[in-house]
Protein chains: 2
Amino acid sequence: MQSRSNPKMNTDLIVFFDRVRPAIDGALAEFLPPETSSPQRIHEAMRYSTLDGGKRIRPCLCVAAFSAYREDWGRILPIASAVEMIHSYSLIHDDLPAMDNDDFRRGKPSCHKQFDEAIAILAGDALLTLAFEVLARTNDFPAERMLHVISVLGAASGSSSGMIAGQVLDLEAENASITPGQLEAIHRSKTGALIGAAVWIGSYLGGAPAPDLANIKQYCDRIGLAFQVIDDILDATDGSNRDAGKATYPSLYGLEKSRAVARELMQEARQALKPLGKRGELLLAFCDYLESRTH
Amino acid sequence: MQSRSNPKMNTDLIVFFDRVRPAIDGALAEFLPPETSSPQRIHEAMRYSTLDGGKRIRPCLCVAAFSAYREDWGRILPIASAVEMIHSYSLIHDDLPAMDNDDFRRGKPSCHKQFDEAIAILAGDALLTLAFEVLARTNDFPAERMLHVISVLGAASGSSSGMIAGQVLDLEAENASITPGQLEAIHRSKTGALIGAAVWIGSYLGGAPAPDLANIKQYCDRIGLAFQVIDDILDATDGSNRDAGKATYPSLYGLEKSRAVARELMQEARQALKPLGKRGELLLAFCDYLESRTH
């Protein structure tokens with residue numbers, strides 16, 4: 001998400017994300033065990049797969065949502081970092097031979113290729129465990145709120161309607177014909193739930209009042225799904241063939257209809273933010289960013 | 001842990017564990033997603049590997065430690081169940097082909113044999129995630145205490161000195177020569193940390209005063225290590241050869257010296273409990289149980 005590649009993107013959002021990203025990277029580097037601490041190989045693997053120049057969309061959105069209500073956004077960094085650790089664990093496990101069997105991730109060998117399968121499984125486990133430990137050790141917010149955050153993130157990552165549910169449904173759908181309803185369920189759980197949780201938690205800990213939280217929940221619901229629909233569109237148009245054999249919006253609906261679905265979701269997301277007025281500006285700008293990616 | 005096979009075991013402890021075990025099983029059955037809820041296969045796998053008639057040593061110890069301070073031990077069941085979920089996830093992942101490659105677990109096909117590798121990886125991930133979610137949703141204890149419990153369990157399961165560290169060290173030690181110090185570190189982190197945490201958390205949430213908690217920590221440290229040393233001894237004497245290629249106390253010290261190490265640890269554990277008087281009775285009886293297994 002750099003300015004050059006997204007000419008239409010809202011300048012304030014670019015500036016904000018460019019300021020937040022190094023802070024996220026710094027927090028992650030601090031929370032992850034040093035490479036020199038025993039057992040070294042797993043700590044090397046955790047750092048290799050997490051400190052890799054990712055776009056940090058989820059934690060940046062979390063910070064953006066928080067900053068709509070409070071200026072001191074440094075306080076939310078541990079929570080935003082924990083969200084990124086959960087994202088990173090999910091990528092390591094998704095890449096495993098028994099899952100999507102991807103040898104590369106972000107232009108370098110995936111964790112199990114760089115290390116080995118055992119270390120990759122354990123590095124994922126350890127990132128998930130560390131994420132919850134970091135959340136539990138944050139004492140900068142009321143304890144009841146932090147417990148609620150842990151519970152929300154657990155559900156967004158879990159097997160009933162979260163990320164794990166999405167990965168199971170995605171594996172089951174491989175090379176099978178599925179309905180539009182099933183594809184939406186996969187995208188909502190596999191990608192949408194964690195992105196939505198990242199935003200919602202940011203505003204919740206920022207102290208957003210209940211009506212705002214309800215509107216932000218609507219927004220999260222729409223951008224979470226739109227994020228994956230747009231990712232599908234990009235994969236279909238950049239010739240990477242990364243999604244071969246996977247059900248995607250373009251494979252089910254065609255490109256034009258997929259773009260229309262994304263536009264409609266963005267419209268609904270913007271609508272949900274209207275009552276927030278100026279507080280919704282950064283999140284609104286994220287809609288512009290997402291939409292600019294489809295052109 | 002049934003009375004017939006452990007003639008020397010303290011009757012009170014047998015009676016107590018026999019009463020607690022069905023309550024743990026009931027709580028687990030309630031917290032785990034039903035087999036009929038989508039995606040069904042992962043929920044079947046989570047239940048298959050968790051509701052399998054395990055001995056429930058960790059959650060029973062957690063309840064025993066709690067009941068030394070409070071009678072209403074039903075309140076600790078969600079926390080004890082979460083500990084068992086973490087134990088169950090670790091067994092599923094340890095059995096994977098890339099790890100210990102065990103086709104059987106507790107007399108039936110291991111999770112990846114009964115289902116497949118992808119489901120086994122995800123079922124483990126989901127049990128770990130659900131454990132933290134269950135802990136975060138328990139509102140029967142002060143929120144600050146629950147956050148501390150989550151943080152303690154995270155560390156006991158984690159990659160620095162917890163269960164994951166132990167599994168990495170154990171894999172690295174396979175078919176290699178290691179020192180007694182390294183073997184102790186493996187056992188302490190791989191097995192001892194979670195058992196110790198289960199006991200300590202029980203007494204902490206039961207409201208044990210600080211001096212008791214410090215003594216119980218000593219006790220946990222000793223029984224956690226002793227538990228694995230005695231498991232090594234049993235594996236060496238029952239002819240199962242389950243630990244072939246793995247470093248164990250008997251392979252490093254011989255059987256007699258290993259038994260002496262276990263006895264010494266038990267002595268230190270009993271010593272640590274002395275100041276607790278009558279409150280230490282059940283935990284003391286657990287020392288008798290552990291020791292009876294070595295004969």
# chains A, B, ... in the order shown; residues from 1 in each chain; ligands from 1
$ residues_around --residues "Ala80 of chain A" --least-positions-apart "3" --cutoff "9 Å" --atoms "only C-alpha atoms" --output "PDB file with C-alpha atoms, in the first residue's frame"
ATOM      1  CA  ILE A  24       3.656  -1.911  14.060  1.00  0.00           C
ATOM      2  CA  ARG A  58      -5.173  -5.423   9.656  1.00  0.00           C
ATOM      3  CA  PRO A  59      -3.123  -3.707  12.370  1.00  0.00           C
ATOM      4  CA  CYS A  60      -3.129  -0.396  10.448  1.00  0.00           C
ATOM      5  CA  LEU A  61      -6.932  -0.543  10.255  1.00  0.00           C
ATOM      6  CA  CYS A  62      -7.070  -1.343  13.957  1.00  0.00           C
ATOM      7  CA  VAL A  63      -4.974   1.728  14.743  1.00  0.00           C
ATOM      8  CA  ILE A  76      -3.242   0.231  20.746  1.00  0.00           C
ATOM      9  CA  LEU A  77      -0.017  -1.097  19.173  1.00  0.00           C
ATOM     10  CA  VAL A  83      -3.865  -9.246  15.353  1.00  0.00           C
ATOM     11  CA  GLU A  84      -0.928  -9.356  12.915  1.00  0.00           C
ATOM     12  CA  MET A  85       0.579 -12.355  14.751  1.00  0.00           C
ATOM     13  CA  ALA A 198      -9.335  -5.708  13.859  1.00  0.00           C
ATOM     14  CA  GLY A 202      -9.754  -0.600  17.543  1.00  0.00           C
TER      15      GLY A 202
END
$ interface_residues --of "chain A" --to "chain B" --cutoff "6 Å" --atoms "only C-alpha atoms" --output "list in words"
Ala98, Met99, Glu117, Ala118, Ala126, Thr129, Glu133, Ala136, Ala143, Glu144, Leu147, Ser151, Gly154, Gly158 and Ser159 of chain A
$ select_by_dssp --residues "segment 248-294 of chain A" --states "alpha helix (DSSP H)" --output "mmCIF file with N, CA and C atoms, in the first residue's frame"
data_model
loop_
_atom_site.group_PDB
_atom_site.id
_atom_site.type_symbol
_atom_site.label_atom_id
_atom_site.label_comp_id
_atom_site.auth_asym_id
_atom_site.auth_seq_id
_atom_site.Cartn_x
_atom_site.Cartn_y
_atom_site.Cartn_z
ATOM 1 N N TYR A 249 -14.737 -15.231 -6.689
ATOM 2 C CA TYR A 249 -15.843 -14.451 -7.250
ATOM 3 C C TYR A 249 -15.763 -14.385 -8.765
ATOM 4 N N PRO A 250 -14.591 -14.079 -9.362
ATOM 5 C CA PRO A 250 -14.547 -14.043 -10.829
ATOM 6 C C PRO A 250 -14.865 -15.392 -11.475
ATOM 7 N N SER A 251 -14.434 -16.514 -10.843
ATOM 8 C CA SER A 251 -14.717 -17.808 -11.465
ATOM 9 C C SER A 251 -16.197 -18.143 -11.378
ATOM 10 N N LEU A 252 -16.883 -17.574 -10.410
ATOM 11 C CA LEU A 252 -18.307 -17.886 -10.223
ATOM 12 C C LEU A 252 -19.202 -16.872 -10.939
ATOM 13 N N TYR A 253 -18.772 -15.597 -10.916
ATOM 14 C CA TYR A 253 -19.629 -14.531 -11.430
ATOM 15 C C TYR A 253 -19.088 -13.862 -12.692
ATOM 16 N N LEU A 255 -15.721 -11.322 -14.192
ATOM 17 C CA LEU A 255 -15.045 -10.131 -13.646
ATOM 18 C C LEU A 255 -15.975 -8.943 -13.437
ATOM 19 N N GLU A 256 -16.839 -8.688 -14.457
ATOM 20 C CA GLU A 256 -17.675 -7.480 -14.356
ATOM 21 C C GLU A 256 -18.636 -7.544 -13.182
ATOM 22 N N LYS A 257 -19.297 -8.700 -13.053
ATOM 23 C CA LYS A 257 -20.242 -8.868 -11.950
ATOM 24 C C LYS A 257 -19.509 -8.801 -10.603
ATOM 25 N N SER A 258 -18.287 -9.352 -10.563
ATOM 26 C CA SER A 258 -17.516 -9.309 -9.310
ATOM 27 C C SER A 258 -17.205 -7.871 -8.916
ATOM 28 N N ARG A 259 -16.832 -7.059 -9.937
ATOM 29 C CA ARG A 259 -16.554 -5.649 -9.647
ATOM 30 C C ARG A 259 -17.802 -4.938 -9.146
ATOM 31 N N ALA A 260 -18.952 -5.318 -9.706
ATOM 32 C CA ALA A 260 -20.213 -4.694 -9.277
ATOM 33 C C ALA A 260 -20.524 -5.074 -7.828
ATOM 34 N N VAL A 261 -20.261 -6.346 -7.487
ATOM 35 C CA VAL A 261 -20.483 -6.793 -6.096
ATOM 36 C C VAL A 261 -19.605 -5.980 -5.156
ATOM 37 N N ALA A 262 -18.331 -5.827 -5.531
ATOM 38 C CA ALA A 262 -17.395 -5.069 -4.688
ATOM 39 C C ALA A 262 -17.867 -3.623 -4.525
ATOM 40 N N ARG A 263 -18.309 -3.020 -5.644
ATOM 41 C CA ARG A 263 -18.776 -1.624 -5.570
ATOM 42 C C ARG A 263 -19.967 -1.494 -4.633
ATOM 43 N N GLU A 264 -20.881 -2.459 -4.737
ATOM 44 C CA GLU A 264 -22.076 -2.397 -3.895
ATOM 45 C C GLU A 264 -21.705 -2.520 -2.409
ATOM 46 N N LEU A 265 -20.784 -3.442 -2.115
ATOM 47 C CA LEU A 265 -20.336 -3.601 -0.719
ATOM 48 C C LEU A 265 -19.696 -2.313 -0.209
ATOM 49 N N MET A 266 -18.912 -1.665 -1.077
ATOM 50 C CA MET A 266 -18.261 -0.407 -0.698
ATOM 51 C C MET A 266 -19.292 0.673 -0.436
ATOM 52 N N GLN A 267 -20.365 0.690 -1.257
ATOM 53 C CA GLN A 267 -21.430 1.665 -1.054
ATOM 54 C C GLN A 267 -22.069 1.484 0.319
ATOM 55 N N GLU A 268 -22.346 0.215 0.637
ATOM 56 C CA GLU A 268 -22.973 -0.076 1.936
ATOM 57 C C GLU A 268 -22.033 0.261 3.093
ATOM 58 N N ALA A 269 -20.733 0.014 2.897
ATOM 59 C CA ALA A 269 -19.750 0.337 3.937
ATOM 60 C C ALA A 269 -19.726 1.846 4.179
ATOM 61 N N ARG A 270 -19.720 2.618 3.084
ATOM 62 C CA ARG A 270 -19.711 4.082 3.220
ATOM 63 C C ARG A 270 -20.977 4.568 3.916
ATOM 64 N N GLN A 271 -22.103 3.971 3.538
ATOM 65 C CA GLN A 271 -23.389 4.335 4.126
ATOM 66 C C GLN A 271 -23.348 4.143 5.647
ATOM 67 N N ALA A 272 -22.763 3.009 6.068
ATOM 68 C CA ALA A 272 -22.712 2.688 7.502
ATOM 69 C C ALA A 272 -21.891 3.714 8.275
ATOM 70 N N LEU A 273 -20.896 4.329 7.593
ATOM 71 C CA LEU A 273 -20.013 5.278 8.287
ATOM 72 C C LEU A 273 -20.606 6.681 8.366
ATOM 73 N N GLU A 281 -13.624 9.369 8.809
ATOM 74 C CA GLU A 281 -12.863 9.750 7.607
ATOM 75 C C GLU A 281 -11.802 8.741 7.153
ATOM 76 N N LEU A 282 -10.989 8.278 8.092
ATOM 77 C CA LEU A 282 -9.924 7.345 7.702
ATOM 78 C C LEU A 282 -10.495 6.019 7.215
ATOM 79 N N LEU A 283 -11.534 5.545 7.904
ATOM 80 C CA LEU A 283 -12.147 4.282 7.493
ATOM 81 C C LEU A 283 -12.833 4.432 6.135
ATOM 82 N N LEU A 284 -13.391 5.612 5.902
ATOM 83 C CA LEU A 284 -13.999 5.921 4.614
ATOM 84 C C LEU A 284 -12.927 5.925 3.515
ATOM 85 N N ALA A 285 -11.788 6.498 3.849
ATOM 86 C CA ALA A 285 -10.690 6.537 2.882
ATOM 87 C C ALA A 285 -10.224 5.128 2.533
ATOM 88 N N PHE A 286 -10.373 4.208 3.485
ATOM 89 C CA PHE A 286 -9.987 2.826 3.188
ATOM 90 C C PHE A 286 -10.895 2.221 2.117
ATOM 91 N N CYS A 287 -12.157 2.653 2.091
ATOM 92 C CA CYS A 287 -13.056 2.212 1.015
ATOM 93 C C CYS A 287 -12.516 2.681 -0.338
ATOM 94 N N ASP A 288 -12.076 3.937 -0.383
ATOM 95 C CA ASP A 288 -11.499 4.456 -1.631
ATOM 96 C C ASP A 288 -10.296 3.628 -2.049
ATOM 97 N N TYR A 289 -9.459 3.311 -1.069
ATOM 98 C CA TYR A 289 -8.270 2.506 -1.357
ATOM 99 C C TYR A 289 -8.673 1.163 -1.950
ATOM 100 N N LEU A 290 -9.603 0.464 -1.251
ATOM 101 C CA LEU A 290 -10.017 -0.850 -1.732
ATOM 102 C C LEU A 290 -10.563 -0.759 -3.147
ATOM 103 N N GLU A 291 -11.414 0.252 -3.374
ATOM 104 C CA GLU A 291 -12.046 0.369 -4.684
ATOM 105 C C GLU A 291 -11.015 0.693 -5.770
ATOM 106 N N SER A 292 -10.021 1.490 -5.408
ATOM 107 C CA SER A 292 -9.009 1.872 -6.403
ATOM 108 C C SER A 292 -8.222 0.653 -6.889
#
$ atom_distance --atom1 "atom CA of Ala214 of chain A" --atom2 "atom CA of His187 of chain A"
21.5 Å
$ atom_distance --atom1 "atom CA of Ile216 of chain A" --atom2 "atom CA of Gly192 of chain A"
13.7 Å
$ residues_around --residues "Ser110 of chain A" --least-positions-apart "6" --cutoff "10 Å" --atoms "only C-alpha atoms" --output "JSON, numbers by chain"
{"A": [45, 48, 49, 91, 92, 93, 95, 96, 101, 102, 103, 104, 116, 120]}
$ residues_around --residues "Pro209 of chain B" --least-positions-apart "6" --cutoff "12 Å" --atoms "only C-alpha atoms" --output "PyMOL selection string"
chain B and resi 68-69+200+203+215-216+276+279
$ select_by_dssp --residues "segment 10-254 of chain B" --states "strand (DSSP E or B)" --output "VMD selection string"
chain B and resid 104 to 105 108 to 109
